[in-house]
Every structure is written in C-alpha cells, then in structure tokens.
>>> print(open('protein04.txt').read())   # compact mmCIF, C-alpha atoms
# COMPACT_ATOMS: atom_id res chain seq x y z
CA MET A 12 233.60 364.85 153.43
CA PHE A 13 232.83 368.22 155.00
CA ASP A 14 232.63 369.74 151.52
CA MET A 15 230.04 367.15 150.57
CA LEU A 16 228.00 367.73 153.73
CA ARG A 17 228.18 371.49 153.17
CA LYS A 18 226.91 371.00 149.62
CA ILE A 19 224.02 368.82 150.82
CA TRP A 20 223.15 371.53 153.37
CA GLN A 21 223.27 374.31 150.77
CA VAL A 22 221.36 372.59 147.98
CA GLY A 23 218.66 371.02 150.14
CA THR A 24 215.90 368.89 148.62
CA VAL A 25 215.61 369.08 144.84
CA THR A 26 212.88 366.46 144.36
CA GLU A 27 209.73 367.97 142.87
CA LYS A 28 206.84 368.08 145.28
CA GLN A 29 203.28 367.14 144.37
CA PRO A 30 201.61 368.59 142.35
CA PHE A 31 204.23 368.80 139.62
CA GLU A 32 204.92 372.27 138.28
CA PRO A 33 203.18 373.10 134.97
CA ALA A 34 205.29 373.39 131.84
CA PRO A 35 207.02 376.76 131.31
CA LYS A 36 205.27 379.30 129.06
CA LYS A 37 207.78 378.78 126.26
CA TYR A 38 207.23 375.01 126.22
CA ARG A 39 206.02 373.83 122.83
CA GLY A 40 203.15 371.50 123.61
CA LYS A 41 200.15 369.99 121.89
CA ILE A 42 199.00 371.68 118.67
CA GLU A 43 195.27 372.32 118.49
CA LEU A 44 193.43 372.24 115.21
CA THR A 45 190.09 374.00 114.70
CA ALA A 46 188.09 374.67 111.55
CA GLN A 47 188.38 378.22 110.20
CA LYS A 48 187.55 379.78 106.85
CA ASN A 49 190.20 381.39 104.62
CA THR A 50 193.15 379.64 106.22
CA ASN A 51 196.24 379.08 104.07
CA TRP A 52 196.16 375.31 104.55
CA GLU A 53 198.52 374.52 101.65
CA GLU A 54 201.32 376.62 103.12
CA CYS A 55 200.79 375.18 106.60
CA ILE A 56 200.97 371.64 105.21
CA ALA A 57 204.13 372.48 103.23
CA ALA A 58 205.76 373.80 106.44
CA CYS A 59 205.23 370.52 108.33
CA PRO A 60 208.56 368.62 108.40
CA THR A 61 207.12 365.19 109.23
CA GLY A 62 203.90 365.10 107.22
CA ALA A 63 201.77 364.99 110.35
CA LEU A 64 199.47 367.66 108.92
CA CYS A 65 197.94 366.57 105.62
CA MET A 66 194.95 367.13 103.36
CA ASN A 67 192.51 364.41 102.29
CA VAL A 68 190.14 365.78 99.58
CA ASN A 69 188.27 368.29 101.80
CA LYS A 70 189.53 367.17 105.18
CA ILE A 71 192.55 368.53 107.05
CA ARG A 72 194.03 365.78 109.19
CA LEU A 73 196.53 366.07 112.04
CA PHE A 74 198.26 362.92 113.33
CA TYR A 75 199.71 363.51 116.81
CA GLY A 76 201.83 360.37 116.53
CA ASN A 77 204.00 362.08 113.91
CA CYS A 78 203.80 365.66 115.19
CA ILE A 79 207.07 366.86 116.74
CA GLN A 80 205.49 370.11 118.03
CA CYS A 81 207.99 372.33 116.23
CA GLY A 82 205.39 375.07 115.70
CA ASN A 83 206.26 375.79 112.06
CA CYS A 84 202.62 375.47 110.98
CA VAL A 85 201.50 377.84 113.74
CA LYS A 86 204.00 380.50 112.64
CA ILE A 87 202.82 380.40 109.02
CA CYS A 88 199.09 380.09 109.66
CA ASN A 89 197.26 383.39 108.99
CA THR A 90 194.24 382.64 111.22
CA ASP A 91 193.73 381.08 114.65
CA ALA A 92 193.05 377.64 113.16
CA LEU A 93 196.29 376.21 114.49
CA THR A 94 197.39 377.13 118.01
CA GLN A 95 200.14 375.85 120.25
CA THR A 96 199.36 375.08 123.89
CA THR A 97 201.67 374.11 126.76
CA ASP A 98 199.73 370.89 127.34
CA CYS A 99 202.02 367.86 127.56
CA TYR A 100 199.62 365.10 128.65
CA GLN A 101 198.94 363.34 125.37
CA ALA A 102 199.10 359.62 126.14
CA VAL A 103 196.26 357.54 124.63
CA ASN A 104 195.27 353.88 124.61
CA ALA A 105 194.32 353.50 120.94
CA LYS A 106 196.04 354.77 117.84
CA LYS A 107 192.80 356.12 116.37
CA ASP A 108 192.62 358.67 119.20
CA LEU A 109 195.79 360.27 117.86
CA PHE A 110 194.04 361.45 114.68
CA ILE A 111 191.94 364.58 114.50
CA SER A 112 190.42 366.00 111.34
CA VAL A 113 188.37 369.06 110.39
CA ASP A 114 186.60 370.20 107.23
CA LYS A 115 188.57 372.56 105.05
CA ASP A 116 185.85 375.20 104.53
CA GLU A 117 183.82 374.74 107.68
CA GLU A 118 183.27 377.61 110.12
CA LYS A 119 183.21 376.74 113.77
CA MET B 1 192.97 360.63 136.30
CA ASN B 2 193.98 363.57 138.45
CA GLU B 3 196.75 365.59 136.80
CA GLU B 4 197.47 367.43 140.04
CA GLU B 5 198.74 364.42 141.92
CA LEU B 6 200.12 362.06 139.33
CA GLY B 7 202.74 360.50 141.58
CA THR B 8 200.40 359.68 144.47
CA ASP B 9 197.96 358.16 142.00
CA LEU B 10 200.77 356.10 140.51
CA LYS B 11 201.81 354.74 143.90
CA LYS B 12 198.21 353.86 144.76
CA ARG B 13 197.51 352.18 141.42
CA ILE B 14 200.75 350.16 141.50
CA LYS B 15 199.81 348.88 144.94
CA GLU B 16 196.31 347.94 143.74
CA VAL B 17 197.22 346.34 140.42
CA LEU B 18 200.72 344.93 140.89
CA SER B 19 200.79 344.76 144.72
CA GLY B 20 203.97 346.73 145.30
CA SER B 21 206.35 347.50 142.49
CA LEU B 22 206.60 347.97 138.75
CA HIS B 23 209.69 346.88 136.85
CA ILE B 24 210.45 348.56 133.55
CA ARG B 25 212.79 347.43 130.80
CA HIS B 26 213.86 350.04 128.30
CA VAL B 27 214.20 348.92 124.67
CA ASP B 28 215.99 351.21 122.25
CA THR B 29 215.05 350.43 118.65
CA GLY B 30 217.05 353.10 116.88
CA SER B 31 216.00 356.33 118.56
CA CYS B 32 218.00 359.56 118.70
CA ASN B 33 218.32 359.26 122.55
CA GLY B 34 216.05 362.24 123.23
CA CYS B 35 213.30 360.05 124.69
CA ASP B 36 215.90 357.91 126.48
CA PHE B 37 217.20 360.94 128.32
CA GLU B 38 213.68 361.90 129.39
CA MET B 39 213.25 358.35 130.65
CA SER B 40 216.46 358.44 132.68
CA THR B 41 215.26 361.79 134.05
CA LEU B 42 212.49 359.84 135.79
CA SER B 43 214.99 358.15 138.10
CA ASN B 44 217.12 361.23 138.93
CA PRO B 45 216.69 363.19 142.21
CA ILE B 46 214.28 365.70 140.66
CA TYR B 47 211.51 363.30 139.62
CA ASP B 48 212.68 360.30 141.69
CA ILE B 49 210.19 357.73 140.46
CA SER B 50 211.65 355.10 142.82
CA ARG B 51 209.60 356.62 145.65
CA PHE B 52 206.45 355.41 143.84
CA GLY B 53 207.73 351.85 143.51
CA VAL B 54 208.98 351.99 139.93
CA SER B 55 212.42 350.74 138.97
CA PHE B 56 214.34 350.19 135.76
CA VAL B 57 215.72 346.65 135.44
CA PRO B 58 218.58 345.38 133.26
CA SER B 59 216.84 342.29 131.88
CA PRO B 60 213.48 341.77 130.13
CA ARG B 61 213.01 338.54 132.08
CA GLN B 62 212.42 340.57 135.25
CA ALA B 63 210.23 343.21 133.67
CA ASP B 64 206.48 343.88 133.75
CA MET B 65 206.66 346.64 131.20
CA LEU B 66 208.63 347.39 128.06
CA MET B 67 209.24 351.01 127.15
CA VAL B 68 210.11 351.16 123.47
CA THR B 69 211.70 354.24 121.93
CA GLY B 70 212.50 354.86 118.29
CA GLY B 71 210.98 353.85 114.99
CA VAL B 72 212.08 350.28 114.44
CA THR B 73 215.14 350.16 112.18
CA SER B 74 215.75 346.98 110.18
CA ASN B 75 218.79 346.12 112.32
CA LEU B 76 216.90 346.29 115.59
CA GLU B 77 213.65 344.65 114.47
CA LYS B 78 214.92 341.24 115.58
CA ALA B 79 216.12 342.64 118.92
CA LEU B 80 212.63 344.02 119.62
CA ARG B 81 210.98 340.66 118.83
CA ILE B 82 213.43 338.71 121.03
CA THR B 83 213.02 341.16 123.91
CA TYR B 84 209.24 340.92 123.66
CA GLU B 85 209.35 337.12 123.71
CA ALA B 86 211.71 337.11 126.70
CA THR B 87 209.32 339.17 128.84
CA PRO B 88 207.02 337.08 131.05
CA LYS B 89 203.27 337.28 130.44
CA PRO B 90 201.21 339.44 130.93
CA LYS B 91 203.39 342.23 129.60
CA MET B 92 202.77 345.91 128.94
CA VAL B 93 204.29 347.73 125.98
CA LEU B 94 204.56 351.52 125.84
CA ALA B 95 205.44 353.37 122.65
CA ILE B 96 207.42 356.42 123.75
CA GLY B 97 207.92 359.40 121.46
CA ALA B 98 206.84 360.38 117.99
CA CYS B 99 209.16 357.86 116.28
CA ALA B 100 207.68 354.86 118.09
CA CYS B 101 204.11 356.09 117.55
CA GLY B 102 204.17 356.81 113.83
CA GLY B 103 207.64 357.32 112.40
CA GLY B 104 208.29 360.92 113.42
CA VAL B 105 211.04 362.75 111.57
CA PHE B 106 212.44 359.51 110.14
CA GLY B 107 209.16 358.41 108.57
CA GLU B 108 208.61 355.13 106.82
CA THR B 109 211.55 354.09 104.67
CA TYR B 110 213.37 350.90 103.65
CA ALA B 111 215.52 351.20 106.79
CA ASN B 112 212.91 352.44 109.26
CA ALA B 113 209.58 350.70 109.89
CA GLY B 114 207.79 353.83 111.15
CA GLY B 115 206.28 352.80 114.47
CA ILE B 116 206.41 349.70 116.63
CA ASP B 117 202.82 348.53 116.20
CA PRO B 118 203.45 346.16 113.23
CA PHE B 119 205.77 344.11 115.49
CA VAL B 120 204.33 344.10 119.00
CA PRO B 121 200.87 344.84 120.49
CA VAL B 122 200.99 348.32 122.04
CA TYR B 123 199.16 349.28 125.25
CA VAL B 124 199.70 353.03 125.32
CA TYR B 125 201.02 355.59 122.85
CA VAL B 126 202.87 358.56 124.36
CA PRO B 127 203.51 361.08 121.55
CA GLY B 128 205.79 364.09 121.89
CA CYS B 129 209.29 364.84 120.69
CA PRO B 130 210.38 364.08 123.38
CA PRO B 131 207.50 363.66 125.89
CA ARG B 132 207.93 365.24 129.33
CA PRO B 133 208.54 362.96 132.32
CA GLN B 134 205.06 363.84 133.61
CA ALA B 135 203.60 362.58 130.33
CA LEU B 136 205.48 359.30 130.79
CA ILE B 137 203.95 358.91 134.27
CA GLN B 138 200.51 359.51 132.75
CA GLY B 139 201.27 356.85 130.13
CA ILE B 140 202.21 354.33 132.83
CA LEU B 141 198.93 355.08 134.65
CA LEU B 142 196.88 354.47 131.48
CA ALA B 143 198.75 351.21 130.87
CA LEU B 144 197.99 350.03 134.42
CA ASP B 145 194.24 350.48 133.78
CA GLN B 146 194.45 348.23 130.76
CA TYR B 147 196.67 345.75 132.62
CA GLU B 148 194.06 345.41 135.35
CA GLU B 149 191.42 344.43 132.77
CA VAL B 150 193.76 341.83 131.29
CA LEU B 151 194.41 340.38 134.75
CA LYS B 152 190.64 340.19 135.43
CA ARG B 153 190.08 338.28 132.20
CA GLY B 154 192.85 335.92 133.24
CA GLU B 155 194.95 335.92 130.08
>>> encode(input="protein04.txt", output="structure tokens")
Amino acid sequence: MFDMLRKIWQVGTVTEKQPFEPAPKKYRGKIELTAQKNTNWEECIAACPTGALCMNVNKIRLFYGNCIQCGNCVKICNTDALTQTTDCYQAVNAKKDLFISVDKDEEK
Amino acid sequence: MNEEELGTDLKKRIKEVLSGSLHIRHVDTGSCNGCDFEMSTLSNPIYDISRFGVSFVPSPRQADMLMVTGGVTSNLEKALRITYEATPKPKMVLAIGACACGGGVFGETYANAGGIDPFVPVYVYVPGCPPRPQALIQGILLALDQYEEVLKRGE
C-alpha cells in the first residue's frame, strides 16, 4: 500500500489541463492543397496510397475523408502546392465539406 | 467554437443540450483498432472525459450517441443496422476515422462498403488516420449543435 501511495505522490496529476497542448511538430496533420503552376501532379497522385488525391479533367481534387495524412504526396511534390500542417481539428457536418479542388494550371 | 478550451465548452454544451450527461456507445464495423484506441484514450487519466459528463456505455439502448469506426464490412453491416435501430430516438451518429468517412486504405470492395453513410444518417464526419482525442471532442461538440436543432424541431 505504501508503494502505491509513494507512486501517487511521485507521479502527481497526469490529466491534461485546459487548454490542451498543441500537436507536436512532427505530427502529420491536415494536408493543404493550393494551386501552383508546374507542379508534378501525376507523380503526386501516383504516390497517394488511398486515392484521396485525384485528377478530374483539369481539376485536382483532394478528399479528406480518404486521406490518411501519410505525407507521401508532400515528399514528392516539387513546389509548395501540397503542404503538411499540424492541424488536427478536421470534423465537419456535411460530407461535401471534405472535398477541396483546385485548377491544374491556375496560379494563386 | 473555441479551440483553446474544448473541454469547458463541452461541459457547458452538454449541460445546455442534454441537461447533464452524454452516453456514448462504440460500434466497431471492421476497423483496424487504431481509432478504437484513440477513443479509449478519451477515458484514461490523461484526457479524462468523464469530468465533462461523458461516459461510454455497454448497450446501445442506453446511448445518446453512436461512434462508428471502420468501413462497413459485409459481415458487420447487419450489426450496424441492428445497433442503430436499438438506440432510442433522437440519436447522434459520428463517423470516426478515414475508413468510416470514405473507405480509407481499404477502399470500396466486395467485402468493404467504404463508409457508413449508405447505411445510417451521419451527423459528423471526423477524418484522420486515426484522429486525435481533441479532434473527437470537437466532433462531439459539432454533433451537439445539430442535436439541439433536431430537439427544437421536435423530431
């Protein structure tokens, strides 16, 4: 019993206080997609393991519902079109909010 | 929604909408257990969601909310339907993880339906592989907003 009490004394409170700590820097969070010229879209799309990133005629479409945030597309991308953030708050009410799409040759 | 004080917001909203406590039933429809572990993390000493009035219950008949993980496999499709019917109205359904939202790594095959929305009406989608516990709390908050509207309409 004394061992247990000693352990409680040593460890103290472990419950996270408000506000919650932000995700660590290495955390792979939400992928952001912006329009950029001369991006190797075909290779990025081929690197996606789940088919979340896909091309529709001239539109590049990213579906967050399928994205597992592995970061393969970010590694292969030769511009800043795809970036990985540490943002983890992605819950939405409607499924259509999970889609984002940009033009293939548009400059932003 | 204030991201800084998610837990306090959750406690306040649960008191306003459900007058006290929120009971969650977890439904596993063929997930890899990644999301399930994140969900059980919510009730451990570090996140301790019980202090905000949320508890996980063993039966859907006591639950206000269903948390569904996994793309629905053909074996568990019936289990999901029965669980949904057993929950008293009005009921919230959360799709947790990439598999429940749109198929994820398993995709849409003859054995895997690719998302739970063909079977049950979904309140909130929480993508991520797996989502963090904070993201789950945000999902519950969004669902409560929608639940309040449903209660006002009197369905």
>>> closest_atom_pairs(input="protein04.txt", of="chain A", to="chain B", cutoff="12 Å", atoms="all atoms listed in the file", output="CSV")
residue,atom,partner,partner_atom,distance
A:Val22,CA,B:Pro45,CA,12.0
A:Gly23,CA,B:Pro45,CA,11.3
A:Thr24,CA,B:Pro45,CA,8.6
A:Val25,CA,B:Ile46,CA,5.5
A:Thr26,CA,B:Ile46,CA,4.0
A:Glu27,CA,B:Ile46,CA,5.5
A:Lys28,CA,B:Tyr47,CA,8.8
A:Gln29,CA,B:Glu5,CA,5.8
A:Pro30,CA,B:Glu4,CA,4.9
A:Phe31,CA,B:Glu4,CA,6.9
A:Glu32,CA,B:Glu4,CA,9.1
A:Pro33,CA,B:Glu4,CA,9.5
A:Ala34,CA,B:Arg132,CA,8.9
A:Pro35,CA,B:Arg132,CA,11.7
A:Tyr38,CA,B:Arg132,CA,10.3
A:Arg39,CA,B:Gly128,CA,9.8
A:Gly40,CA,B:Gly128,CA,8.1
A:Lys41,CA,B:Gly128,CA,8.2
A:Ile42,CA,B:Gly128,CA,10.7
A:Cys59,CA,B:Val105,CA,10.2
A:Pro60,CA,B:Val105,CA,7.1
A:Thr61,CA,B:Val105,CA,5.2
A:Gly62,CA,B:Gly107,CA,8.6
A:Ala63,CA,B:Gly104,CA,8.3
A:Leu64,CA,B:Gly104,CA,12.0
A:Phe74,CA,B:Gly102,CA,8.5
A:Tyr75,CA,B:Pro127,CA,6.5
A:Gly76,CA,B:Cys101,CA,5.0
A:Asn77,CA,B:Gly104,CA,4.5
A:Cys78,CA,B:Ala98,CA,6.7
A:Ile79,CA,B:Cys129,CA,5.0
A:Gln80,CA,B:Cys129,CA,7.0
A:Cys81,CA,B:Cys129,CA,8.8
A:Thr97,CA,B:Arg132,CA,11.2
A:Asp98,CA,B:Ala135,CA,9.6
A:Cys99,CA,B:Ala135,CA,6.2
A:Tyr100,CA,B:Ala135,CA,5.0
A:Gln101,CA,B:Val126,CA,6.3
A:Ala102,CA,B:Val126,CA,4.3
A:Val103,CA,B:Tyr125,CA,5.4
A:Asn104,CA,B:Val124,CA,4.6
A:Ala105,CA,B:Val124,CA,7.0
A:Lys106,CA,B:Tyr125,CA,7.1
A:Lys107,CA,B:Tyr125,CA,10.5
A:Asp108,CA,B:Tyr125,CA,9.7
A:Leu109,CA,B:Pro127,CA,8.6
A:Phe110,CA,B:Gly102,CA,11.2
>>> closest_residue(input="protein04.txt", among="B:Pro118, B:Gly30, B:Pro88, B:Gly154", to="Asn75 (chain B)", atoms="only C-alpha atoms")
B:Gly30
>>> atom_distance(input="protein04.txt", atom1="CA of Val72 (chain B)", atom2="CA of Glu85 (chain B)")
16.3 Å
>>> atom_distance(input="protein04.txt", atom1="CA of Asn33 (chain B)", atom2="CA of Asp9 (chain B)")
28.2 Å
>>> residues_around(input="protein04.txt", residues="Thr90 (chain A)", least_positions_apart="6", cutoff="12 Å", atoms="all atoms listed in the file", output="PyMOL selection string")
chain A and resi 44-52+55+84
>>> atom_distance(input="protein04.txt", atom1="CA of Tyr147 (chain B)", atom2="CA of Pro90 (chain B)")
8.0 Å
>>> residues_around(input="protein04.txt", residues="region 53-59 of chain B", least_positions_apart="2", cutoff="12 Å", atoms="only C-alpha atoms", output="JSON, numbers by chain")
{"B": [7, 8, 9, 10, 11, 12, 13, 14, 15, 18, 19, 20, 21, 22, 23, 24, 25, 26, 27, 39, 40, 41, 42, 43, 44, 47, 48, 49, 50, 51, 61, 62, 63, 64, 65, 66, 67, 82, 83, 84, 86, 87, 88, 137, 140, 141]}
